>>> print(open('upload.tsv').read())   # TSV, C-alpha atoms
chain	number	residue	atom	x	y	z
A	26	MET	CA	93.15	-8.57	-141.07
A	27	PRO	CA	94.28	-10.62	-138.03
A	28	LEU	CA	91.63	-12.04	-135.74
A	29	TYR	CA	93.53	-10.99	-132.61
A	30	GLU	CA	95.68	-8.20	-131.29
A	31	PRO	CA	99.44	-8.74	-131.71
A	32	ASP	CA	100.07	-8.66	-127.97
A	33	THR	CA	97.24	-11.05	-127.12
A	34	VAL	CA	98.21	-13.96	-124.85
A	35	PHE	CA	96.09	-17.04	-125.49
A	36	THR	CA	95.32	-20.00	-123.37
A	37	VAL	CA	95.38	-23.36	-125.12
A	38	THR	CA	91.62	-23.61	-124.76
A	39	LYS	CA	91.09	-20.13	-126.24
A	40	LEU	CA	93.42	-20.80	-129.16
A	41	THR	CA	91.83	-24.17	-129.90
A	42	SER	CA	88.38	-22.63	-129.73
A	43	LEU	CA	89.44	-19.94	-132.21
A	44	ILE	CA	90.89	-22.54	-134.60
A	45	ARG	CA	87.71	-24.60	-134.31
A	46	ASP	CA	85.53	-21.59	-135.14
A	47	ILE	CA	87.67	-20.79	-138.19
A	48	LEU	CA	87.76	-24.34	-139.56
A	49	GLU	CA	84.16	-25.24	-138.84
A	50	GLY	CA	82.93	-21.93	-140.17
A	51	THR	CA	85.06	-22.10	-143.31
A	52	PHE	CA	84.32	-25.74	-144.28
A	53	PRO	CA	80.69	-26.37	-143.26
A	54	ASN	CA	79.81	-28.77	-146.09
A	55	ILE	CA	82.48	-30.20	-148.37
A	56	THR	CA	83.01	-33.39	-150.37
A	57	LEU	CA	86.24	-35.39	-150.34
A	58	GLU	CA	87.31	-38.23	-152.62
A	59	ALA	CA	89.99	-40.34	-151.00
A	60	GLU	CA	91.07	-43.81	-149.94
A	61	ILE	CA	90.09	-45.42	-146.62
A	62	SER	CA	92.99	-46.33	-144.35
A	63	ASN	CA	93.23	-47.77	-140.82
A	64	TYR	CA	89.51	-48.59	-140.72
A	65	ARG	CA	88.43	-49.35	-137.12
A	66	PRO	CA	84.70	-49.64	-136.37
A	67	ASN	CA	83.67	-49.07	-132.76
A	68	SER	CA	81.45	-51.44	-130.80
A	69	SER	CA	78.99	-48.59	-130.33
A	70	GLY	CA	78.43	-48.41	-134.08
A	71	HIS	CA	80.61	-45.38	-134.85
A	72	LEU	CA	83.15	-45.70	-137.67
A	73	TYR	CA	86.66	-44.32	-137.29
A	74	PHE	CA	89.24	-44.30	-140.10
A	75	ASN	CA	91.59	-42.12	-142.12
A	76	LEU	CA	91.08	-40.61	-145.55
A	77	LYS	CA	94.24	-40.35	-147.62
A	78	ASP	CA	95.65	-39.70	-151.06
A	79	GLU	CA	99.18	-39.53	-152.43
A	80	GLY	CA	100.14	-36.44	-150.44
A	81	ALA	CA	98.13	-36.16	-147.24
A	82	LEU	CA	95.93	-37.86	-144.64
A	83	ILE	CA	93.03	-36.71	-142.48
A	84	GLY	CA	91.19	-38.47	-139.68
A	85	ALA	CA	87.49	-39.13	-140.23
A	86	VAL	CA	84.49	-40.28	-138.22
A	87	MET	CA	80.99	-41.37	-139.20
A	88	PHE	CA	78.61	-41.67	-136.30
A	89	ARG	CA	76.26	-44.58	-135.80
A	90	GLY	CA	73.11	-42.89	-137.11
A	91	ARG	CA	74.73	-42.01	-140.44
A	92	ALA	CA	76.74	-45.26	-140.61
A	93	SER	CA	73.55	-47.36	-140.35
A	94	THR	CA	72.41	-45.97	-143.74
A	95	LEU	CA	75.46	-47.31	-145.63
A	96	SER	CA	74.74	-49.91	-148.32
A	97	PHE	CA	78.28	-51.33	-148.17
A	98	THR	CA	80.91	-52.28	-145.60
A	99	PRO	CA	83.93	-49.94	-145.65
A	100	LYS	CA	87.40	-51.50	-145.68
A	101	ASP	CA	91.00	-50.42	-146.05
A	102	GLY	CA	92.02	-49.44	-149.56
A	103	MET	CA	88.45	-48.66	-150.69
A	104	LYS	CA	88.11	-45.41	-152.61
A	105	VAL	CA	85.11	-43.39	-151.41
A	106	ARG	CA	83.42	-40.03	-151.91
A	107	CYS	CA	82.46	-38.45	-148.56
A	108	THR	CA	80.36	-35.41	-147.72
A	109	GLY	CA	80.67	-33.67	-144.35
A	110	SER	CA	82.33	-30.91	-142.40
A	111	ILE	CA	85.57	-30.18	-140.58
A	112	SER	CA	85.47	-30.53	-136.79
A	113	VAL	CA	88.07	-29.86	-134.11
A	114	TYR	CA	88.31	-32.16	-131.10
A	115	ALA	CA	89.56	-29.78	-128.41
A	116	PRO	CA	90.70	-32.28	-125.70
A	117	ARG	CA	93.27	-33.73	-128.09
A	118	GLY	CA	93.87	-30.69	-130.22
A	119	ASN	CA	93.32	-32.45	-133.54
A	120	TYR	CA	90.93	-31.92	-136.37
A	121	GLN	CA	88.87	-34.48	-138.25
A	122	PHE	CA	86.35	-34.85	-141.01
A	123	MET	CA	82.81	-35.58	-139.76
A	124	ILE	CA	81.03	-37.55	-142.50
A	125	THR	CA	77.29	-37.34	-143.11
A	126	LYS	CA	77.23	-39.21	-146.43
A	127	MET	CA	79.60	-41.72	-148.02
A	128	GLU	CA	79.53	-43.71	-151.25
A	129	ILE	CA	81.99	-45.90	-153.15
A	130	ALA	CA	84.07	-43.99	-155.69
A	131	GLY	CA	86.13	-46.93	-156.99
A	132	GLN	CA	88.74	-49.34	-155.69
A	133	GLY	CA	91.76	-47.75	-154.10
A	134	ASP	CA	95.17	-47.83	-155.74
A	135	ILE	CA	96.71	-50.00	-153.02
A	136	LEU	CA	94.15	-52.79	-153.33
A	137	ARG	CA	94.31	-52.66	-157.12
A	138	ILE	CA	98.11	-53.00	-157.08
A	139	LEU	CA	97.97	-55.85	-154.57
A	140	GLU	CA	95.35	-57.70	-156.57
A	141	GLU	CA	97.36	-57.36	-159.80
A	142	ARG	CA	100.49	-58.59	-158.00
A	143	LYS	CA	98.64	-61.54	-156.47
A	144	LEU	CA	97.24	-62.62	-159.85
A	145	ARG	CA	100.66	-62.33	-161.52
A	146	LEU	CA	102.41	-64.41	-158.85
A	147	ALA	CA	99.58	-66.94	-158.87
A	148	LYS	CA	100.13	-67.48	-162.61
A	149	GLU	CA	103.75	-68.37	-161.81
A	150	GLY	CA	102.47	-71.18	-159.58
A	151	LEU	CA	103.80	-69.75	-156.30
A	152	PHE	CA	100.49	-70.46	-154.55
A	153	ASN	CA	99.87	-73.97	-155.97
A	154	THR	CA	98.71	-76.61	-153.52
A	155	GLU	CA	101.39	-79.10	-154.62
A	156	ARG	CA	104.05	-76.67	-153.37
A	157	LYS	CA	102.64	-76.67	-149.85
A	158	LYS	CA	104.60	-78.57	-147.21
A	159	GLU	CA	103.08	-80.23	-144.17
A	160	ILE	CA	103.67	-78.47	-140.88
A	161	PRO	CA	105.60	-80.86	-138.54
A	162	ARG	CA	103.48	-82.16	-135.71
A	163	PHE	CA	106.39	-82.46	-133.27
A	164	SER	CA	108.86	-79.66	-133.92
A	165	LYS	CA	111.98	-79.30	-131.82
A	166	THR	CA	112.67	-75.70	-132.83
A	167	ILE	CA	110.45	-72.94	-134.17
A	168	GLY	CA	111.68	-69.76	-135.81
A	169	ILE	CA	109.93	-66.39	-135.65
A	170	VAL	CA	110.51	-63.63	-138.20
A	171	THR	CA	109.00	-60.51	-136.65
A	172	SER	CA	109.78	-57.29	-134.82
A	173	PRO	CA	111.86	-57.98	-131.68
A	174	THR	CA	109.85	-55.36	-129.76
A	175	GLY	CA	106.35	-56.13	-131.05
A	176	ALA	CA	103.42	-57.61	-129.19
A	177	ALA	CA	103.33	-60.49	-131.69
A	178	LEU	CA	106.66	-61.84	-130.44
A	179	ARG	CA	105.58	-61.57	-126.80
A	180	ASP	CA	102.37	-63.47	-127.56
A	181	VAL	CA	104.22	-66.25	-129.41
A	182	LEU	CA	106.83	-66.63	-126.66
A	183	GLN	CA	104.17	-66.66	-123.95
A	184	ILE	CA	102.09	-69.34	-125.70
A	185	THR	CA	105.18	-71.41	-126.51
A	186	LYS	CA	106.31	-71.36	-122.88
A	187	ARG	CA	102.85	-72.31	-121.67
A	188	ARG	CA	102.36	-75.15	-124.14
A	189	ASN	CA	105.88	-76.58	-124.20
A	190	PRO	CA	108.60	-75.06	-121.99
A	191	GLY	CA	111.20	-77.31	-123.61
A	192	MET	CA	110.61	-75.94	-127.11
A	193	ASN	CA	113.57	-74.15	-128.67
A	194	VAL	CA	112.74	-70.74	-130.13
A	195	VAL	CA	114.92	-68.87	-132.64
A	196	ILE	CA	114.07	-65.20	-132.99
A	197	LEU	CA	114.98	-63.63	-136.34
A	198	PRO	CA	114.45	-59.90	-135.79
A	199	ALA	CA	113.19	-57.93	-138.75
A	200	LEU	CA	111.61	-54.61	-139.62
A	201	VAL	CA	107.91	-55.15	-140.16
A	202	GLN	CA	106.88	-51.64	-141.18
A	203	GLY	CA	108.30	-48.79	-143.21
A	204	ASP	CA	111.21	-48.49	-145.61
A	205	GLY	CA	113.39	-51.58	-145.95
A	206	ALA	CA	110.94	-53.80	-144.05
A	207	ALA	CA	110.27	-56.15	-146.98
A	208	GLN	CA	113.99	-56.72	-147.62
A	209	SER	CA	114.56	-57.30	-143.90
A	210	ILE	CA	111.80	-59.92	-143.69
A	211	ALA	CA	112.92	-61.71	-146.86
A	212	ARG	CA	116.55	-61.80	-145.70
A	213	GLN	CA	115.65	-63.40	-142.36
A	214	VAL	CA	113.59	-66.09	-144.13
A	215	GLN	CA	116.63	-66.83	-146.30
A	216	VAL	CA	118.93	-66.92	-143.26
A	217	ALA	CA	116.67	-69.43	-141.52
A	218	ASN	CA	116.85	-71.70	-144.59
A	219	GLU	CA	120.55	-71.15	-145.24
A	220	PHE	CA	121.54	-72.32	-141.76
A	221	ASN	CA	118.59	-74.67	-141.21
A	222	LEU	CA	117.76	-72.90	-137.96
A	223	CYS	CA	114.34	-74.42	-137.24
A	224	ASP	CA	111.72	-77.04	-138.11
A	225	VAL	CA	108.91	-74.56	-138.77
A	226	LEU	CA	109.06	-70.82	-139.48
A	227	ILE	CA	106.44	-68.26	-138.39
A	228	ILE	CA	106.43	-64.99	-140.37
A	229	GLY	CA	104.18	-62.25	-139.05
A	230	ARG	CA	103.35	-59.24	-136.95
A	231	GLY	CA	100.45	-57.76	-135.01
A	232	GLY	CA	97.56	-55.86	-136.52
A	233	GLY	CA	97.75	-52.52	-138.29
A	234	SER	CA	96.44	-50.51	-141.20
A	235	LEU	CA	96.64	-51.74	-144.76
A	236	GLU	CA	99.74	-49.59	-145.27
A	237	ASP	CA	101.39	-51.08	-142.18
A	238	LEU	CA	100.98	-54.60	-143.54
A	239	LEU	CA	102.24	-53.83	-147.05
A	240	PRO	CA	105.78	-55.24	-146.54
A	241	PHE	CA	104.31	-58.74	-146.21
A	242	SER	CA	102.78	-58.35	-149.67
A	243	GLU	CA	105.99	-57.24	-151.36
A	244	GLU	CA	107.22	-59.58	-154.08
A	245	VAL	CA	110.60	-60.17	-152.44
A	246	VAL	CA	108.89	-61.47	-149.28
A	247	VAL	CA	106.36	-63.59	-151.17
A	248	ARG	CA	109.11	-65.28	-153.21
A	249	ALA	CA	111.26	-65.89	-150.14
A	250	VAL	CA	108.34	-67.56	-148.34
A	251	ALA	CA	107.31	-69.60	-151.39
A	252	ASN	CA	110.88	-70.87	-151.91
A	253	SER	CA	111.48	-71.72	-148.25
A	254	ARG	CA	112.52	-75.33	-147.66
A	255	ILE	CA	111.38	-74.95	-144.05
A	256	PRO	CA	107.57	-75.22	-143.62
A	257	THR	CA	106.15	-71.72	-143.12
A	258	ILE	CA	103.17	-70.23	-141.29
A	259	SER	CA	102.00	-66.73	-142.26
A	260	ALA	CA	100.55	-64.84	-139.28
A	261	VAL	CA	100.09	-61.26	-140.40
A	262	GLY	CA	97.78	-58.97	-138.44
A	263	HIS	CA	94.38	-59.98	-137.13
A	264	GLU	CA	91.87	-62.41	-138.59
A	265	ILE	CA	90.32	-59.81	-140.93
A	266	ASP	CA	93.74	-58.72	-142.26
A	267	TRP	CA	95.42	-60.36	-145.22
A	268	SER	CA	98.63	-60.21	-147.21
A	269	ILE	CA	99.97	-61.98	-150.30
A	270	CYS	CA	102.38	-63.78	-147.98
A	271	ASP	CA	99.33	-65.72	-146.69
A	272	TYR	CA	98.91	-67.37	-150.11
A	273	ALA	CA	102.59	-68.29	-150.49
A	274	ALA	CA	103.02	-69.80	-147.02
A	275	ASP	CA	102.31	-73.46	-146.29
A	276	LEU	CA	99.70	-72.41	-143.72
A	277	ARG	CA	97.88	-69.17	-142.95
A	278	ALA	CA	97.11	-68.43	-139.29
A	279	PRO	CA	94.64	-65.66	-138.39
A	280	THR	CA	97.01	-64.23	-135.74
A	281	PRO	CA	100.55	-64.82	-134.45
A	282	SER	CA	99.05	-66.37	-131.33
A	283	ALA	CA	97.09	-68.85	-133.45
A	284	ALA	CA	100.29	-69.70	-135.35
A	285	ALA	CA	102.02	-70.53	-132.07
A	286	GLU	CA	99.06	-72.67	-130.98
A	287	PHE	CA	99.33	-74.65	-134.20
A	288	ALA	CA	103.13	-74.98	-134.36
A	289	VAL	CA	103.75	-75.84	-130.70
A	290	PRO	CA	102.15	-79.03	-129.36
A	291	VAL	CA	101.15	-79.17	-125.70
A	292	GLN	CA	103.93	-81.02	-123.88
A	293	ALA	CA	101.60	-82.33	-121.17
A	294	GLU	CA	99.31	-83.85	-123.81
A	295	ILE	CA	102.24	-85.53	-125.53
A	296	VAL	CA	103.52	-86.98	-122.25
A	297	GLN	CA	100.04	-88.16	-121.32
A	298	ALA	CA	99.59	-89.82	-124.72
A	299	LEU	CA	102.99	-91.56	-124.46
A	300	GLN	CA	102.19	-92.78	-120.96
A	301	SER	CA	98.88	-94.14	-122.20
A	302	TYR	CA	100.61	-95.93	-125.10
A	303	GLN	CA	103.21	-97.31	-122.66
A	304	ALA	CA	100.53	-98.64	-120.31
A	305	ASP	CA	98.66	-100.27	-123.22
A	306	PHE	CA	101.90	-101.84	-124.47
A	307	TYR	CA	102.81	-103.25	-121.04
A	308	ARG	CA	99.26	-104.53	-120.58
A	309	SER	CA	99.31	-106.30	-123.95
A	310	ILE	CA	102.72	-107.89	-123.28
A	311	SER	CA	101.66	-109.02	-119.80
A	312	GLN	CA	98.52	-110.65	-121.16
A	313	ARG	CA	100.51	-112.51	-123.81
A	314	ILE	CA	103.04	-113.72	-121.23
A	315	GLU	CA	100.29	-114.99	-118.92
A	316	LYS	CA	98.64	-116.81	-121.81
A	317	LEU	CA	101.95	-118.49	-122.71
A	318	LYS	CA	102.50	-119.50	-119.09
A	319	LEU	CA	99.10	-121.19	-118.98
A	320	MET	CA	99.87	-123.04	-122.19
A	321	LEU	CA	103.27	-124.23	-120.93
A	322	LYS	CA	101.78	-125.57	-117.69
A	323	SER	CA	99.73	-128.09	-119.63
A	324	PHE	CA	102.85	-129.54	-121.30
A	325	ASP	CA	104.33	-131.52	-118.35
A	326	VAL	CA	106.14	-134.89	-118.65
A	327	ASP	CA	103.19	-136.96	-117.44
A	328	ASN	CA	100.66	-135.94	-120.06
A	329	MET	CA	102.96	-135.10	-122.96
A	330	GLU	CA	102.47	-138.55	-124.53
A	331	VAL	CA	98.72	-138.39	-124.02
A	332	ARG	CA	98.57	-134.95	-125.62
A	333	PHE	CA	100.80	-136.15	-128.43
A	334	ARG	CA	98.57	-139.14	-129.04
A	335	THR	CA	95.55	-136.90	-128.96
A	336	ILE	CA	97.09	-134.84	-131.68
A	337	GLU	CA	98.57	-137.78	-133.60
A	338	GLN	CA	95.54	-140.14	-133.64
A	339	PRO	CA	93.25	-137.96	-135.79
A	340	LEU	CA	96.09	-137.52	-138.23
A	341	LEU	CA	96.75	-141.27	-138.40
A	342	ASN	CA	93.04	-141.91	-138.93
A	343	ARG	CA	92.97	-139.44	-141.76
A	344	PHE	CA	96.05	-141.05	-143.28
A	345	GLU	CA	94.58	-144.57	-143.05
A	346	ASN	CA	91.30	-143.45	-144.57
A	347	ALA	CA	93.16	-141.76	-147.39
A	348	ARG	CA	95.27	-144.92	-148.01
A	349	GLU	CA	92.19	-147.17	-148.12
A	350	CYS	CA	90.43	-144.80	-150.50
A	351	LEU	CA	93.52	-144.73	-152.72
A	352	VAL	CA	93.83	-148.55	-152.85
A	353	LYS	CA	90.10	-148.97	-153.58
A	354	ASN	CA	90.22	-146.35	-156.33
A	355	MET	CA	93.24	-148.09	-157.90
A	356	GLU	CA	91.55	-151.53	-157.78
A	357	ASP	CA	88.38	-150.12	-159.33
A	358	LYS	CA	90.44	-148.46	-162.03
A	359	ILE	CA	92.33	-151.71	-162.83
A	360	LYS	CA	89.06	-153.69	-162.97
A	361	ASP	CA	87.50	-151.20	-165.37
A	362	THR	CA	90.60	-151.26	-167.54
A	363	ARG	CA	90.63	-155.07	-167.70
A	364	THR	CA	86.99	-155.14	-168.72
A	365	ARG	CA	87.60	-152.66	-171.52
A	366	VAL	CA	90.66	-154.62	-172.74
A	367	SER	CA	88.62	-157.87	-172.78
A	368	GLN	CA	85.84	-156.19	-174.76
A	369	CYS	CA	88.33	-154.80	-177.25
A	370	ALA	CA	89.96	-158.26	-177.65
A	371	GLN	CA	86.59	-159.84	-178.37
A	372	ILE	CA	85.84	-157.21	-180.99
A	373	LEU	CA	89.22	-157.73	-182.62
A	374	GLU	CA	88.83	-161.51	-182.48
A	375	GLY	CA	85.45	-161.30	-184.19
A	376	ALA	CA	86.89	-159.17	-186.97
A	377	SER	CA	89.96	-161.43	-187.51
A	378	PRO	CA	90.22	-163.05	-191.07
A	379	SER	CA	91.06	-166.48	-189.58
A	380	THR	CA	87.85	-166.41	-187.56
A	381	ILE	CA	85.83	-165.56	-190.65
A	382	LEU	CA	87.53	-168.29	-192.72
A	383	SER	CA	86.84	-170.86	-189.96
A	384	ARG	CA	83.15	-170.26	-190.49
A	385	GLY	CA	83.37	-171.77	-194.02
A	386	TYR	CA	84.33	-168.74	-196.01
A	387	SER	CA	87.34	-168.71	-198.40
A	388	MET	CA	89.46	-165.99	-199.88
A	389	VAL	CA	90.11	-165.97	-203.68
A	390	ARG	CA	93.05	-164.22	-205.26
A	391	THR	CA	94.82	-164.19	-208.61
A	392	LYS	CA	98.23	-165.55	-209.30
A	393	ASP	CA	99.83	-162.15	-208.66
A	394	GLY	CA	98.09	-161.89	-205.25
A	395	THR	CA	95.19	-159.58	-206.13
A	396	ILE	CA	92.02	-160.32	-204.10
A	397	VAL	CA	89.07	-161.21	-206.31
A	398	ARG	CA	85.97	-159.32	-205.25
A	399	ASP	CA	84.01	-159.41	-208.52
A	400	ALA	CA	83.70	-162.22	-211.12
A	401	GLN	CA	83.86	-159.68	-213.92
A	402	ASN	CA	87.48	-158.98	-212.93
A	403	VAL	CA	88.57	-162.53	-213.80
A	404	GLN	CA	89.01	-163.95	-217.35
A	405	THR	CA	88.31	-167.48	-218.49
A	406	GLY	CA	91.38	-169.69	-218.17
A	407	ALA	CA	92.98	-167.60	-215.44
A	408	GLU	CA	94.67	-169.40	-212.57
A	409	LEU	CA	93.38	-168.63	-209.07
A	410	GLU	CA	94.29	-169.47	-205.50
A	411	ILE	CA	91.48	-170.39	-203.11
A	412	ILE	CA	92.39	-170.04	-199.46
A	413	PRO	CA	90.04	-171.72	-196.98
A	414	ALA	CA	90.61	-171.86	-193.19
A	415	HIS	CA	93.39	-174.42	-193.70
A	416	GLY	CA	95.57	-174.99	-196.78
A	417	THR	CA	95.49	-173.56	-200.33
A	418	ILE	CA	93.55	-174.66	-203.44
A	419	ARG	CA	94.78	-173.86	-206.98
A	420	ALA	CA	92.09	-173.65	-209.68
A	421	GLN	CA	91.60	-172.55	-213.28
A	422	VAL	CA	88.60	-170.49	-214.39
A	423	THR	CA	86.38	-172.26	-216.94
A	424	GLU	CA	83.49	-169.79	-216.94
A	425	CYS	CA	82.62	-166.37	-215.44
A	426	LEU	CA	78.96	-165.80	-214.78
>>> encode(input="upload.tsv", output="structure tokens")
Amino acid sequence: MPLYEPDTVFTVTKLTSLIRDILEGTFPNITLEAEISNYRPNSSGHLYFNLKDEGALIGAVMFRGRASTLSFTPKDGMKVRCTGSISVYAPRGNYQFMITKMEIAGQGDILRILEERKLRLAKEGLFNTERKKEIPRFSKTIGIVTSPTGAALRDVLQITKRRNPGMNVVILPALVQGDGAAQSIARQVQVANEFNLCDVLIIGRGGGSLEDLLPFSEEVVVRAVANSRIPTISAVGHEIDWSICDYAADLRAPTPSAAAEFAVPVQAEIVQALQSYQADFYRSISQRIEKLKLMLKSFDVDNMEVRFRTIEQPLLNRFENARECLVKNMEDKIKDTRTRVSQCAQILEGASPSTILSRGYSMVRTKDGTIVRDAQNVQTGAELEIIPAHGTIRAQVTECL
């Protein structure tokens, strides 16, 4: 049975009020199991987000009083079980789920898939530290892979112009959300490398829900960033957002603006530093020149000989002292050597056979020249030679005692 007459003409307020009564009266206390998406807490303490599954999405709100009882911090991709009621917000004409109780029901499919993909790519070494390249300190050209109409590009261009108006910027427009976005991003990274378009490449976009940022976690994008020869900075979303591209890039910036701050040096600071170095260089050179001038002034014709003598005399004194020491050492060495030779000669002279024979001793030997040292070695009647200090005596043995 219809709730109104067929010819009834409604105002928008009346129709919305009727819809609200039907929905709120039909679903006063229900429980949903779904995945959190586009989580955005309010400064007042209220929590706003979407609940979604494979086929549908509904807006949800949990007011501060109920939110303060939560034992966990909600985040995108978390699977939760919520209890509450349907409410219609008349000024905007939309309906939402007002939550009174919420608990974790398990990790959402999106986060699980992303975590599995991250672990698989990490095992391939795509995130290894040794693959990371240093971001150039003084780049001439930066490239930006992002949406040509997004706020991220405007922020990067504004910061670049403020920090260094002379910096060249190459914009590589790409889809950053929806179908084909991942292929678009990966292709632009490849184009930048193929034509060597810049010195550093920023890949990113502004904030959004977990689903909005998914293209930057697609495998084709991660591999393109990891294989980039140009140093890369990943700047996807806000500081609390993340993507697998962050792990593959050479540097992760919390926002596109932060990426521009890092990639673009302040021109005024560079000029000031160069001017300071120039002044220090000139000052050092001037001081050296003045010192040399003072030294040269002292070398005039009048005192050159005096200065030369001043330098020469100590050297001559050292040479003379060394010569005298050398001569004395040689004389002492010769004297010692002569003394030793004389001592050796005396020892040899004392041991000489002629010296011994001159003392009255004689040497006895047989006819064949054998020296007689023992009387038992000589037979009676044998002929002997007796050799005193001078001459030779021949004798015959008559008795051996």
>>> residues_around(input="upload.tsv", residues="segment 174-176 of chain A", least_positions_apart="5", cutoff="12 Å", atoms="all atoms listed in the file", output="PyMOL selection string")
chain A and resi 169+181-183+196-202+229-233+262+280-282
>>> residues_around(input="upload.tsv", residues="Arg212 of chain A", least_positions_apart="4", cutoff="9 Å", atoms="all atoms listed in the file", output="MDAnalysis selection string")
chainID A and resid 199 207:208 216:217 246 249
>>> residues_around(input="upload.tsv", residues="segment 65-75 of chain A", least_positions_apart="4", cutoff="6 Å", atoms="only C-alpha atoms", output="ChimeraX atom specification")
/A:61,83-89
>>> write_last_selection(input="upload.tsv", atoms="C-alpha atoms", output="short mmCIF file (atom, residue, chain, number, x, y, z; two decimals), keeping the file's coordinate frame")
data_model
loop_
_atom_site.label_atom_id
_atom_site.label_comp_id
_atom_site.auth_asym_id
_atom_site.auth_seq_id
_atom_site.Cartn_x
_atom_site.Cartn_y
_atom_site.Cartn_z
CA ILE A 61 90.09 -45.42 -146.62
CA ILE A 83 93.03 -36.71 -142.48
CA GLY A 84 91.19 -38.47 -139.68
CA ALA A 85 87.49 -39.13 -140.23
CA VAL A 86 84.49 -40.28 -138.22
CA MET A 87 80.99 -41.37 -139.20
CA PHE A 88 78.61 -41.67 -136.30
CA ARG A 89 76.26 -44.58 -135.80
#
>>> residues_around(input="upload.tsv", residues="Arg145 of chain A", least_positions_apart="6", cutoff="12 Å", atoms="all atoms listed in the file", output="JSON, numbers by chain")
{"A": [138, 139, 151, 152, 244, 247, 269]}
>>> atom_distance(input="upload.tsv", atom1="atom CA of Leu382 of chain A", atom2="atom CA of Cys425 of chain A")
23.3 Å
>>> residues_around(input="upload.tsv", residues="segment 187-191 of chain A", least_positions_apart="5", cutoff="7 Å", atoms="all atoms listed in the file", output="PyMOL selection string")
chain A and resi 289-292
>>> atom_distance(input="upload.tsv", atom1="atom CA of Arg254 of chain A", atom2="atom CA of Thr154 of chain A")
15.1 Å
>>> closest_residue(input="upload.tsv", among="A:Gln368, A:Ile55, A:Pro413, A:Ser110", to="Tyr386 of chain A", atoms="all atoms listed in the file")
A:Pro413
>>> axis_aligned_box(input="upload.tsv", around="segment 209-215 of chain A", padding_each_side="8 Å", output="AutoDock Vina command-line options")
--center_x 114.2 --center_y -62.1 --center_z -144.6 --size_x 20.8 --size_y 25.5 --size_z 20.5
>>> atom_distance(input="upload.tsv", atom1="atom CA of Val195 of chain A", atom2="atom CA of Ile167 of chain A")
6.2 Å
>>> closest_residue(input="upload.tsv", among="A:Glu79, A:Lys126, A:Pro378, A:Asp204", to="Arg91 of chain A", atoms="all atoms listed in the file")
A:Lys126
>>> closest_residue(input="upload.tsv", among="A:Glu243, A:Leu178, A:Ala130, A:Lys186", to="Ala206 of chain A", atoms="all atoms listed in the file")
A:Glu243
>>> build_atoms(input="upload.tsv", residues="segment 70-81 of chain A", atoms="N, CA and C atoms", output="compact mmCIF listing (two decimals), keeping the file's coordinate frame")
# COMPACT_ATOMS: atom_id res chain seq x y z
N GLY A 70 79.00 -48.64 -132.76
CA GLY A 70 78.43 -48.41 -134.08
C GLY A 70 79.08 -47.26 -134.83
N HIS A 71 79.91 -46.47 -134.16
CA HIS A 71 80.61 -45.38 -134.85
C HIS A 71 81.75 -45.95 -135.68
N LEU A 72 82.07 -45.28 -136.79
CA LEU A 72 83.15 -45.70 -137.67
C LEU A 72 84.29 -44.69 -137.61
N TYR A 73 85.48 -45.17 -137.33
CA TYR A 73 86.66 -44.32 -137.29
C TYR A 73 87.66 -44.83 -138.33
N PHE A 74 88.24 -43.92 -139.09
CA PHE A 74 89.24 -44.30 -140.10
C PHE A 74 89.94 -43.04 -140.59
N ASN A 75 90.89 -43.24 -141.49
CA ASN A 75 91.59 -42.12 -142.12
C ASN A 75 91.20 -42.04 -143.59
N LEU A 76 91.23 -40.83 -144.12
CA LEU A 76 91.08 -40.61 -145.55
C LEU A 76 92.40 -40.10 -146.07
N LYS A 77 92.90 -40.72 -147.16
CA LYS A 77 94.24 -40.35 -147.62
C LYS A 77 94.30 -40.36 -149.14
N ASP A 78 95.28 -39.61 -149.66
CA ASP A 78 95.65 -39.70 -151.06
C ASP A 78 97.17 -39.74 -151.12
N GLU A 79 97.74 -39.42 -152.28
CA GLU A 79 99.18 -39.53 -152.43
C GLU A 79 99.97 -38.58 -151.53
N GLY A 80 99.35 -37.45 -151.14
CA GLY A 80 100.14 -36.44 -150.44
C GLY A 80 99.74 -36.12 -149.02
N ALA A 81 98.57 -36.57 -148.58
CA ALA A 81 98.13 -36.16 -147.24
C ALA A 81 97.14 -37.16 -146.68
